[in-house]
>>> print(open('run15.tsv').read())   # TSV, C-alpha atoms
chain	number	residue	atom	x	y	z
A	1	MET	CA	37.74	-32.68	28.09
A	2	VAL	CA	37.33	-28.92	28.18
A	3	PRO	CA	37.91	-27.64	31.72
A	4	GLN	CA	34.90	-25.93	33.21
A	5	PRO	CA	35.31	-22.40	34.55
A	6	VAL	CA	35.44	-22.19	38.31
A	7	THR	CA	32.91	-19.85	39.86
A	8	PRO	CA	34.65	-17.77	42.52
A	9	ALA	CA	33.24	-18.04	46.00
A	10	THR	CA	31.13	-15.13	47.17
A	11	PRO	CA	33.21	-13.18	49.71
A	12	ALA	CA	31.81	-13.00	53.21
A	13	PRO	CA	30.49	-9.57	54.18
A	14	ILE	CA	32.94	-7.41	56.07
A	15	VAL	CA	31.65	-6.76	59.58
A	16	ASP	CA	33.14	-4.10	61.83
A	17	ARG	CA	32.75	-6.00	65.08
A	18	ALA	CA	34.29	-3.23	67.17
A	19	SER	CA	31.57	-0.78	66.12
A	20	GLY	CA	28.94	-2.47	68.28
A	21	THR	CA	28.44	-3.58	71.88
A	22	VAL	CA	27.48	-7.08	73.01
A	23	LEU	CA	25.64	-7.20	76.34
A	24	ILE	CA	26.10	-10.52	78.16
A	25	VAL	CA	23.59	-11.37	80.88
A	26	ASP	CA	24.34	-14.47	82.96
A	27	ASP	CA	24.39	-14.97	86.74
A	28	ASP	CA	27.32	-17.38	86.38
A	29	PRO	CA	30.50	-15.26	86.60
A	30	GLU	CA	32.59	-17.97	84.91
A	31	MET	CA	30.24	-18.07	81.92
A	32	ARG	CA	30.22	-14.25	81.68
A	33	SER	CA	34.02	-14.19	81.82
A	34	ALA	CA	34.43	-16.99	79.25
A	35	LEU	CA	31.99	-15.43	76.81
A	36	GLY	CA	33.52	-12.01	77.30
A	37	SER	CA	37.00	-13.36	76.59
A	38	LEU	CA	35.84	-15.25	73.49
A	39	LEU	CA	34.10	-12.22	72.02
A	40	ARG	CA	36.92	-9.83	72.91
A	41	VAL	CA	39.46	-12.06	71.14
A	42	GLU	CA	37.19	-12.07	68.07
A	43	GLY	CA	37.14	-8.27	68.00
A	44	PHE	CA	33.77	-7.61	69.66
A	45	CYS	CA	33.14	-5.19	72.54
A	46	PRO	CA	31.43	-7.24	75.28
A	47	GLN	CA	29.89	-5.88	78.46
A	48	GLY	CA	28.82	-8.23	81.26
A	49	PHE	CA	25.80	-8.09	83.60
A	50	ALA	CA	24.96	-10.44	86.47
A	51	SER	CA	21.19	-9.86	86.31
A	52	SER	CA	18.38	-8.65	84.09
A	53	GLN	CA	17.68	-5.77	86.47
A	54	ALA	CA	21.23	-4.51	85.99
A	55	VAL	CA	20.56	-4.30	82.24
A	56	LEU	CA	17.24	-2.51	82.77
A	57	ASP	CA	18.92	0.00	85.09
A	58	ALA	CA	21.74	0.80	82.66
A	59	PRO	CA	21.31	2.98	79.55
A	60	LEU	CA	21.76	1.00	76.35
A	61	PRO	CA	24.72	2.03	74.17
A	62	ASP	CA	23.77	4.51	71.44
A	63	ARG	CA	25.26	2.38	68.68
A	64	GLU	CA	24.94	-1.11	67.20
A	65	CYS	CA	24.07	-3.44	70.02
A	66	CYS	CA	22.86	-6.95	70.77
A	67	LEU	CA	22.03	-8.98	73.84
A	68	ILE	CA	23.16	-12.47	74.87
A	69	ALA	CA	20.94	-13.64	77.71
A	70	ASP	CA	20.56	-16.85	79.68
A	71	VAL	CA	16.90	-17.82	79.68
A	72	ARG	CA	16.92	-18.91	83.32
A	73	LEU	CA	18.09	-16.07	85.55
A	74	PRO	CA	17.28	-15.26	89.19
A	75	GLY	CA	14.46	-12.74	89.41
A	76	ILE	CA	13.71	-11.49	85.91
A	77	GLY	CA	14.39	-14.25	83.37
A	78	GLY	CA	16.06	-13.64	80.04
A	79	LEU	CA	12.86	-13.84	78.01
A	80	GLU	CA	11.03	-11.49	80.36
A	81	LEU	CA	13.98	-9.09	80.15
A	82	TYR	CA	13.72	-9.08	76.36
A	83	GLU	CA	9.97	-8.45	76.52
A	84	GLN	CA	10.44	-5.59	79.00
A	85	LEU	CA	13.06	-3.98	76.78
A	86	LYS	CA	10.72	-4.18	73.80
A	87	ARG	CA	7.82	-2.69	75.78
A	88	ARG	CA	9.87	0.36	76.69
A	89	GLY	CA	10.96	0.81	73.08
A	90	ASP	CA	14.45	-0.73	73.11
A	91	GLU	CA	14.45	-2.90	69.99
A	92	ILE	CA	17.65	-4.82	70.67
A	93	PRO	CA	18.29	-8.16	68.92
A	94	VAL	CA	18.82	-11.01	71.37
A	95	VAL	CA	20.54	-14.38	71.35
A	96	PHE	CA	19.26	-16.69	74.07
A	97	MET	CA	21.26	-19.48	75.66
A	98	THR	CA	20.17	-22.14	78.14
A	99	GLY	CA	21.53	-25.14	79.97
A	100	HIS	CA	18.03	-26.63	80.12
A	101	PRO	CA	16.67	-26.91	76.57
A	102	ASP	CA	12.91	-26.58	76.44
A	103	VAL	CA	11.11	-26.82	73.10
A	104	ALA	CA	8.13	-24.74	74.23
A	105	LEU	CA	10.40	-22.05	75.63
A	106	SER	CA	12.56	-21.92	72.52
A	107	VAL	CA	9.45	-21.59	70.33
A	108	ARG	CA	8.17	-18.77	72.56
A	109	ALA	CA	11.54	-17.01	72.33
A	110	MET	CA	11.71	-17.25	68.55
A	111	LYS	CA	8.13	-16.04	68.18
A	112	ALA	CA	9.01	-13.07	70.38
A	113	GLY	CA	11.69	-12.13	67.86
A	114	ALA	CA	14.87	-13.74	69.19
A	115	MET	CA	17.72	-14.01	66.69
A	116	ASP	CA	18.87	-17.42	67.96
A	117	PHE	CA	18.43	-19.93	70.79
A	118	LEU	CA	21.61	-21.81	71.71
A	119	PRO	CA	21.60	-24.78	74.12
A	120	LYS	CA	24.61	-25.07	76.42
A	121	PRO	CA	27.24	-26.22	75.72
A	122	PHE	CA	27.45	-24.48	72.35
A	123	GLY	CA	30.40	-24.19	70.01
A	124	ASP	CA	32.43	-20.99	69.94
A	125	GLN	CA	31.70	-20.52	66.24
A	126	GLN	CA	27.98	-20.92	66.85
A	127	MET	CA	28.02	-18.01	69.25
A	128	ILE	CA	30.29	-15.89	67.04
A	129	ASP	CA	28.02	-16.42	64.03
A	130	ALA	CA	24.92	-15.62	66.10
A	131	VAL	CA	26.45	-12.37	67.41
A	132	ASP	CA	27.62	-11.36	63.94
A	133	ALA	CA	24.09	-11.83	62.62
A	134	ALA	CA	22.52	-9.95	65.54
A	135	LEU	CA	24.83	-6.94	65.18
A	136	ALA	CA	24.30	-6.86	61.41
A	137	PHE	CA	20.54	-6.92	62.00
A	138	ASP	CA	20.76	-4.03	64.46
A	139	ARG	CA	22.97	-2.04	62.08
A	140	ASP	CA	20.43	-2.44	59.27
A	141	ARG	CA	17.56	-1.57	61.63
A	142	ARG	CA	19.31	1.60	62.79
A	143	GLU	CA	20.10	2.67	59.22
A	144	LEU	CA	16.48	2.15	58.19
A	145	THR	CA	15.22	4.07	61.22
A	146	HIS	CA	17.61	6.93	60.40
A	147	ARG	CA	16.41	7.08	56.78
A	148	HIS	CA	12.75	7.04	57.82
A	149	ARG	CA	13.33	9.78	60.40
A	150	ALA	CA	15.01	11.90	57.72
A	151	VAL	CA	11.99	11.45	55.42
A	152	ALA	CA	9.64	12.53	58.22
A	153	GLU	CA	11.74	15.61	58.98
A	154	ARG	CA	11.75	16.68	55.33
A	155	PHE	CA	8.01	16.15	55.10
A	156	ALA	CA	7.53	18.34	58.18
A	157	ALA	CA	9.27	21.18	56.31
A	158	LEU	CA	6.67	21.18	53.51
A	159	THR	CA	4.01	23.87	53.40
A	160	GLY	CA	0.35	22.91	53.60
A	161	ARG	CA	-0.10	23.50	49.87
A	162	GLU	CA	2.96	21.41	49.03
A	163	ARG	CA	1.51	18.55	51.06
A	164	GLN	CA	-1.76	18.82	49.15
A	165	VAL	CA	0.10	18.69	45.84
A	166	MET	CA	2.16	15.74	47.10
A	167	GLU	CA	-1.03	13.88	48.02
A	168	GLY	CA	-2.37	14.42	44.52
A	169	VAL	CA	0.85	13.23	42.89
A	170	VAL	CA	0.89	10.11	45.07
A	171	ARG	CA	-2.71	9.40	44.03
A	172	GLY	CA	-1.56	9.41	40.43
A	173	LEU	CA	-3.26	12.66	39.40
A	174	MET	CA	-1.90	14.82	36.60
A	175	ASN	CA	-0.95	18.43	37.27
A	176	LYS	CA	-4.12	19.76	35.67
A	177	GLN	CA	-6.27	17.43	37.81
A	178	ILE	CA	-4.50	18.58	40.97
A	179	ALA	CA	-4.96	22.19	39.87
A	180	TRP	CA	-8.69	21.64	39.36
A	181	GLU	CA	-9.10	19.97	42.81
A	182	LEU	CA	-7.15	22.69	44.62
A	183	GLU	CA	-8.60	25.52	42.52
A	184	ILE	CA	-5.20	26.87	41.57
A	185	SER	CA	-3.39	27.23	38.24
A	186	GLU	CA	-1.46	24.38	36.68
A	187	ILE	CA	1.67	26.53	36.71
A	188	THR	CA	1.30	26.97	40.47
A	189	VAL	CA	0.97	23.19	40.85
A	190	LYS	CA	4.19	22.71	38.90
A	191	LEU	CA	6.00	25.22	41.12
A	192	HIS	CA	4.79	23.51	44.30
A	193	ARG	CA	5.64	20.11	42.86
A	194	SER	CA	9.18	21.18	42.00
A	195	SER	CA	9.62	22.74	45.44
A	196	LEU	CA	8.39	19.69	47.37
A	197	MET	CA	10.59	17.32	45.38
A	198	LYS	CA	13.63	19.46	46.23
A	199	LYS	CA	12.70	19.65	49.91
A	200	MET	CA	12.09	15.89	50.06
A	201	GLN	CA	15.36	15.31	48.14
A	202	LEU	CA	13.62	12.99	45.69
A	203	ARG	CA	13.94	12.60	41.93
A	204	SER	CA	10.97	10.53	40.79
A	205	VAL	CA	7.31	9.84	41.49
A	206	PRO	CA	8.05	6.25	42.67
A	207	ASP	CA	10.47	7.72	45.22
A	208	LEU	CA	7.73	10.10	46.35
A	209	VAL	CA	5.24	7.24	46.70
A	210	ARG	CA	7.69	5.27	48.85
A	211	ALA	CA	8.32	8.34	51.01
A	212	SER	CA	4.57	8.75	51.43
A	213	GLN	CA	4.29	5.14	52.59
A	214	VAL	CA	7.01	5.75	55.18
A	215	ILE	CA	5.17	8.83	56.46
A	216	GLU	CA	1.86	6.95	56.67
A	217	ALA	CA	3.51	4.07	58.54
A	218	ARG	CA	5.11	6.42	61.07
A	219	SER	CA	1.80	8.24	61.58
A	220	ALA	CA	0.00	4.95	62.21
A	221	ALA	CA	2.65	3.70	64.69
>>> encode(input="run15.tsv", output="structure tokens")
Amino acid sequence: MVPQPVTPATPAPIVDRASGTVLIVDDDPEMRSALGSLLRVEGFCPQGFASSQAVLDAPLPDRECCLIADVRLPGIGGLELYEQLKRRGDEIPVVFMTGHPDVALSVRAMKAGAMDFLPKPFGDQQMIDAVDAALAFDRDRRELTHRHRAVAERFAALTGRERQVMEGVVRGLMNKQIAWELEISEITVKLHRSSLMKKMQLRSVPDLVRASQVIEARSAA
């Protein structure tokens, strides 16, 4: 029998756990301490809070971040905390935990955008995996936001005429068609087109179309 080649396992992605902050919200000091110790040993940077209001009163870290929140908290519950954070513009991924599993509540949490919903008691690895996923999600979200902001800033540097030429290119018009619409020479269109591509730091028309979509989405937000 001819031995079959072994397919190597796909390596797990390398995650820099120390680059982000994990906010733990639980009114039980023992649970906060236990979770903090677990995450610290695994290389995370945990920060504990005894109430939702304490989180709302504190500025969120300006780096990768996620939230672990008990659903049932005195005063402002975990789900309400998450919704308040979203309303004020803090898009932080959240992992909910609860000692009183409730199907309707878990469905509501997931629909609201929660990363995970863990019933107590949960396994250490369950929590570690959930936090890894939440921080990776926030890292990707921040990188995307940064790229989109950069596109908007470059677009803001274009002249009015360059924006008109860009609009024509995105619509699929040829240089001579853009020239006819704008009542300028084709050579002038080419000059504006070359200039706007340099300012936008783009190399191709598909790249320009995608940048235009980003700009439209930000304008509509």
>>> residues_near_point(input="run15.tsv", point="(16.7, -3.4, 82.6)", cutoff="10 Å", atoms="all atoms listed in the file", output="ChimeraX atom specification")
/A:51-60,76,81-82,84-85,88
>>> residues_around(input="run15.tsv", residues="range 34-36 of chain A", least_positions_apart="6", cutoff="10 Å", atoms="only C-alpha atoms", output="ChimeraX atom specification")
/A:22-24,26,42,44-48,68,124,127-128
>>> atom_distance(input="run15.tsv", atom1="CA of Lys199 in chain A", atom2="CA of Phe155 in chain A")
7.8 Å
>>> atom_distance(input="run15.tsv", atom1="CA of Val94 in chain A", atom2="CA of Ala220 in chain A")
26.3 Å
>>> atom_distance(input="run15.tsv", atom1="CA of Trp180 in chain A", atom2="CA of Ser194 in chain A")
18.1 Å
>>> closest_residue(input="run15.tsv", among="A:Ser204, A:Gln213, A:Ser219, A:Thr21", to="Glu167 in chain A", atoms="all atoms listed in the file")
A:Gln213
